[in-house]
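Chemist: Below: one structure in structure tokens.
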Amino acid sequence: MTGCKDSSQARQKPTQPKNNNSNSNRSDRSEIRSIFKNTSLEQANEQGQTIWKIEAKQIVYSEDRKTGELESLTGYLFENEAIVLQVTGKKGIIENNGEKIILQEDIVASDRRNNLTVYSDKAEWFPQKDLLIVQDNLKATHPNLEVTAKEGHYFTKEERLELRSNILATAKDPPLQIRSDHLWWQIPEEMVIANQPLQIDRYDKTTITDRLTAKKGSVDLKQKIALLEQNIELKSLEPPVQVASHSVKWELKTRIVKSNLPLQIIHRVEEIIVTGNRGEVQMEQQIARFSGGVEGESKKEKGKIYAEEVVWNLATQRVEGEGNVIYSQAEPELTLTGSKAVGTLEDKQIVVTGEEGDRAVTEIVF
């Protein structure tokens, strides 16, 4: 229990309803039911600290008093005598002396520590387990993130929301949307974690600038950084390129993509593919840098370049290669080797040079 140092100390029964208006009636099946109006229930730990409290317009108890029907209720979860969570609903059912509370219709749950508010039409609250399960039209809002999903499990002690199925998370800064079927939202850290496939759309106002898919990943909204793993594919609107890797750090504000694993970039218009063992692409500056062994190829002109390092200007298509350079093309068939290369693959205008004192080698096949 959040408001209790030792959860085993919080197994006391709730206090009796506090009100001045109560009566009993007998149903058609001769069941005696107790009715309390404008009443409250609460539970305290062994130190006398309030753990939770429920206020209701009316409570109708079953004969054995294990179940109570609530009307117009407000529930509070305490920590060190301070309210941390407030839950309201039109209707509810309290079971087993408050171990489980079912809420129905117009449910609003607010965490005062982190400004999280959750809306739904159905919820199950387990105060002693620090757990609130919300279903049906789930919507969760925070100053920088709004989420909809089929179901959510809010762990109040950790301030962590687990989201399940048909998830859409919309962030304001940086402006992006995250889609997945399973997310963990760590509210104080403003961290969203996906252990299942996810899609991230980055926006400039209402226009999608980049769309990324991956098998799993995390988004740090404070640092504005996304870390993605496995089967990553990023498509950029401008420049018109596609990036692929198995591990990527994506700086969402600056649109910089970095990887210490093999990185491939495809220019969709020019049909040029460059792959390096490590790489970085700056979308705003339209510059890609590769190292650790690089291969570039023009599918249109059948030209290829190999080098230790390559800088590719995505706007002008200018390529600069350095270190053990090999350039080859099919028509006319030739191979150039040297230490440096500068030019464009799209029209096979490549100049290969050697270090001072060395000669570039040209091999022409007739």
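Labels for the structure tokens follow display order: chains A, B, ..., residues from 1 in each chain, ligands from 1.
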At a cut-off of 6 Å, using only C-alpha atoms, what residues contact segment 314-320 of chain A? Leave out same-chain residues fewer than 3 positions from it and give the result as a PyMOL selection string.

Modeler: chain A and resi 286-287+310-311+341-344

Chemist: Quick one: DSSP strand (DSSP E or B) residues in segment 99-313 of chain A, as JSON, numbers by chain?

Modeler: {"A": [100, 101, 102, 103, 104, 105, 106, 107, 108, 109, 110, 111, 116, 117, 118, 119, 120, 121, 122, 123, 124, 125, 126, 131, 132, 133, 134, 135, 136, 137, 138, 139, 140, 141, 142, 145, 146, 147, 148, 149, 150, 151, 152, 153, 154, 155, 160, 161, 162, 163, 164, 165, 166, 167, 168, 169, 170, 171, 176, 177, 178, 179, 180, 181, 182, 183, 184, 185, 186, 191, 192, 193, 194, 198, 199, 200, 201, 202, 203, 204, 207, 208, 209, 210, 211, 212, 213, 214, 216, 217, 218, 219, 220, 225, 226, 227, 228, 229, 230, 231, 232, 233, 234, 235, 236, 241, 242, 243, 244, 245, 246, 247, 248, 249, 250, 251, 256, 257, 258, 259, 263, 264, 265, 266, 267, 272, 273, 274, 275, 276, 277, 278, 279, 280, 281, 282, 287, 288, 289, 290, 291, 292, 293, 294, 295, 296, 297, 298, 303, 304, 305, 306, 307, 309, 310, 311, 312, 313]}

Chemist: Would you mind telling me which residue in A:His267, A:Lys253, A:Lys122, A:Arg211 lies nearest to Gln223 of chain A when using only C-alpha atoms?

Modeler: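 Nearest to Gln223 of chain A: A:Lys253.
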
Chemist: So how many Å separate atom CA of Ile51 of chain A and atom CA of Leu103 of chain A, to one decimal?

Modeler: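 So the answer is 18.7 Å.
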
Chemist: Using atom CA of Thr88 of chain A and atom CA of Asp181 of chain A as the two end points, give the distance in Å to one decimal.

Modeler: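 Value for the atom CA of Thr88 of chain A-atom CA of Asp181 of chain A distance: 27.3 Å.
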
Chemist: Show me, as JSON lines, the residues of segment 213-316 of chain A having an atom within 10 Å of segment 321-340 of chain A, each with the closest atom pair and its distance in Å, using only C-alpha atoms.

Modeler:
```
{"residue": "A:Phe290", "atom": "CA", "partner": "A:Gly321", "partner_atom": "CA", "distance": 9.5}
{"residue": "A:Ser291", "atom": "CA", "partner": "A:Glu322", "partner_atom": "CA", "distance": 9.6}
{"residue": "A:Gly293", "atom": "CA", "partner": "A:Gly323", "partner_atom": "CA", "distance": 9.0}
{"residue": "A:Val294", "atom": "CA", "partner": "A:Gly321", "partner_atom": "CA", "distance": 8.7}
{"residue": "A:Glu295", "atom": "CA", "partner": "A:Ile326", "partner_atom": "CA", "distance": 9.5}
{"residue": "A:Gly296", "atom": "CA", "partner": "A:Tyr327", "partner_atom": "CA", "distance": 9.4}
{"residue": "A:Glu297", "atom": "CA", "partner": "A:Gln329", "partner_atom": "CA", "distance": 9.5}
{"residue": "A:Ser298", "atom": "CA", "partner": "A:Gln329", "partner_atom": "CA", "distance": 9.4}
{"residue": "A:Glu301", "atom": "CA", "partner": "A:Gln329", "partner_atom": "CA", "distance": 7.8}
{"residue": "A:Lys302", "atom": "CA", "partner": "A:Gln329", "partner_atom": "CA", "distance": 5.7}
{"residue": "A:Gly303", "atom": "CA", "partner": "A:Gln329", "partner_atom": "CA", "distance": 4.3}
{"residue": "A:Lys304", "atom": "CA", "partner": "A:Ser328", "partner_atom": "CA", "distance": 5.3}
{"residue": "A:Ile305", "atom": "CA", "partner": "A:Tyr327", "partner_atom": "CA", "distance": 4.4}
{"residue": "A:Tyr306", "atom": "CA", "partner": "A:Ile326", "partner_atom": "CA", "distance": 5.0}
{"residue": "A:Ala307", "atom": "CA", "partner": "A:Val325", "partner_atom": "CA", "distance": 4.5}
{"residue": "A:Glu308", "atom": "CA", "partner": "A:Gly323", "partner_atom": "CA", "distance": 4.8}
{"residue": "A:Glu309", "atom": "CA", "partner": "A:Glu322", "partner_atom": "CA", "distance": 5.3}
{"residue": "A:Val310", "atom": "CA", "partner": "A:Gly321", "partner_atom": "CA", "distance": 4.4}
{"residue": "A:Val311", "atom": "CA", "partner": "A:Gly321", "partner_atom": "CA", "distance": 6.6}
{"residue": "A:Trp312", "atom": "CA", "partner": "A:Gly321", "partner_atom": "CA", "distance": 8.7}
```

Chemist: Just how far from atom CA of Phe155 of chain A is atom CA of Ala82 of chain A, in Å to one decimal?

Modeler: 17.5 Å

Chemist: Residues near Pro143 of chain A, anyone? I mean within 9 Å using only C-alpha atoms, not counting same-chain ones fewer than 5 positions away, as a ChimeraX atom specification.

Modeler: /A:115-116,172

Chemist: Would you mind listing what lies within 7 Å of Ile256 of chain A as a list in words, with only C-alpha atoms counted and same-chain residues fewer than 2 positions away left out?

Modeler: Trp250, Glu251, Thr254, Lys258, Val281, Gln282 and Met283 of chain A

Chemist: Please identify all polymer residues within 7 Å of Asp220 of chain A, counting only C-alpha atoms, omitting same-chain residues fewer than 3 positions from it, and present them as a list in words.

Modeler: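 Listing them by chain and then by number gives Glu190, Met191, Val192, Gln223, Lys224, Ile225 and Ala226 of chain A.
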
Chemist: Residues near segment 239-245 of chain A, anyone? I mean within 7 Å using only C-alpha atoms, not counting same-chain ones fewer than 3 positions away, as a PyMOL selection string.

Modeler: chain A and resi 231-236+248+261-269+283+286+314

Chemist: Compile the contact shell of segment 124-139 of chain A as a list in words: residues with an atom at most 8 Å away, counting only C-alpha atoms, same-chain residues fewer than 6 positions apart removed.

Modeler: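 Residues near the query, excluding close chain neighbours: Met1, Thr2, Ser7, Ala10, Trp52, Leu77, Gly98, Glu99, Lys100, Ile101, Ile102, Leu103, Val118, Glu146, Val147, Thr148, Ala149, Lys150, Glu151, Gly152, His153, Tyr154, Phe155, Thr156 and Lys157 of chain A.
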
Chemist: Determine which residues of segment 89-321 of chain A DSSP labels as helix (DSSP H, G or I) from the backbone of this structure, then write them out as JSON, numbers by chain.

Modeler: {"A": [96, 97, 98, 127, 128, 129]}

Chemist: Hey, can you spit out that residue selection with all heavy atoms as a PDB file, in the first residue's frame?

Modeler:
```
ATOM      1  N   ASN A  96     -15.086  -7.050  -0.591  1.00  0.00           N
ATOM      2  CA  ASN A  96     -14.124  -7.598   0.369  1.00  0.00           C
ATOM      3  C   ASN A  96     -13.455  -6.512   1.209  1.00  0.00           C
ATOM      4  O   ASN A  96     -12.217  -6.411   1.272  1.00  0.00           O
ATOM      5  CB  ASN A  96     -13.066  -8.434  -0.348  1.00  0.00           C
ATOM      6  CG  ASN A  96     -13.671  -9.628  -1.049  1.00  0.00           C
ATOM      7  OD1 ASN A  96     -14.619 -10.231  -0.564  1.00  0.00           O
ATOM      8  ND2 ASN A  96     -13.110  -9.952  -2.216  1.00  0.00           N
ATOM      9  N   ASN A  97     -14.287  -5.707   1.826  1.00  0.00           N
ATOM     10  CA  ASN A  97     -13.791  -4.677   2.743  1.00  0.00           C
ATOM     11  C   ASN A  97     -12.794  -3.728   2.090  1.00  0.00           C
ATOM     12  O   ASN A  97     -11.823  -3.288   2.696  1.00  0.00           O
ATOM     13  CB  ASN A  97     -13.144  -5.314   3.969  1.00  0.00           C
ATOM     14  CG  ASN A  97     -14.130  -6.106   4.794  1.00  0.00           C
ATOM     15  OD1 ASN A  97     -15.252  -5.640   5.033  1.00  0.00           O
ATOM     16  ND2 ASN A  97     -13.745  -7.302   5.226  1.00  0.00           N
ATOM     17  N   GLY A  98     -13.039  -3.431   0.818  1.00  0.00           N
ATOM     18  CA  GLY A  98     -12.219  -2.448   0.132  1.00  0.00           C
ATOM     19  C   GLY A  98     -11.012  -2.993  -0.592  1.00  0.00           C
ATOM     20  O   GLY A  98     -10.201  -2.225  -1.117  1.00  0.00           O
ATOM     21  N   PRO A 127      -6.646  -0.713  -3.959  1.00  0.00           N
ATOM     22  CA  PRO A 127      -5.813   0.188  -3.147  1.00  0.00           C
ATOM     23  C   PRO A 127      -4.662  -0.510  -2.441  1.00  0.00           C
ATOM     24  O   PRO A 127      -3.564   0.043  -2.342  1.00  0.00           O
ATOM     25  CB  PRO A 127      -6.816   0.775  -2.139  1.00  0.00           C
ATOM     26  CG  PRO A 127      -8.149   0.636  -2.788  1.00  0.00           C
ATOM     27  CD  PRO A 127      -8.070  -0.632  -3.582  1.00  0.00           C
ATOM     28  N   GLN A 128      -4.899  -1.734  -1.947  1.00  0.00           N
ATOM     29  CA  GLN A 128      -3.853  -2.431  -1.212  1.00  0.00           C
ATOM     30  C   GLN A 128      -2.739  -2.940  -2.125  1.00  0.00           C
ATOM     31  O   GLN A 128      -1.659  -3.293  -1.648  1.00  0.00           O
ATOM     32  CB  GLN A 128      -4.454  -3.588  -0.414  1.00  0.00           C
ATOM     33  CG  GLN A 128      -5.426  -3.119   0.681  1.00  0.00           C
ATOM     34  CD  GLN A 128      -5.995  -4.276   1.468  1.00  0.00           C
ATOM     35  OE1 GLN A 128      -5.528  -5.403   1.358  1.00  0.00           O
ATOM     36  NE2 GLN A 128      -7.014  -4.005   2.278  1.00  0.00           N
ATOM     37  N   LYS A 129      -2.978  -2.999  -3.414  1.00  0.00           N
ATOM     38  CA  LYS A 129      -1.970  -3.442  -4.380  1.00  0.00           C
ATOM     39  C   LYS A 129      -1.376  -2.272  -5.157  1.00  0.00           C
ATOM     40  O   LYS A 129      -0.584  -2.479  -6.074  1.00  0.00           O
ATOM     41  CB  LYS A 129      -2.577  -4.449  -5.359  1.00  0.00           C
ATOM     42  CG  LYS A 129      -3.043  -5.740  -4.713  1.00  0.00           C
ATOM     43  CD  LYS A 129      -3.617  -6.680  -5.754  1.00  0.00           C
ATOM     44  CE  LYS A 129      -4.074  -8.001  -5.132  1.00  0.00           C
ATOM     45  NZ  LYS A 129      -4.664  -8.915  -6.157  1.00  0.00           N
TER      46      LYS A 129
END
```
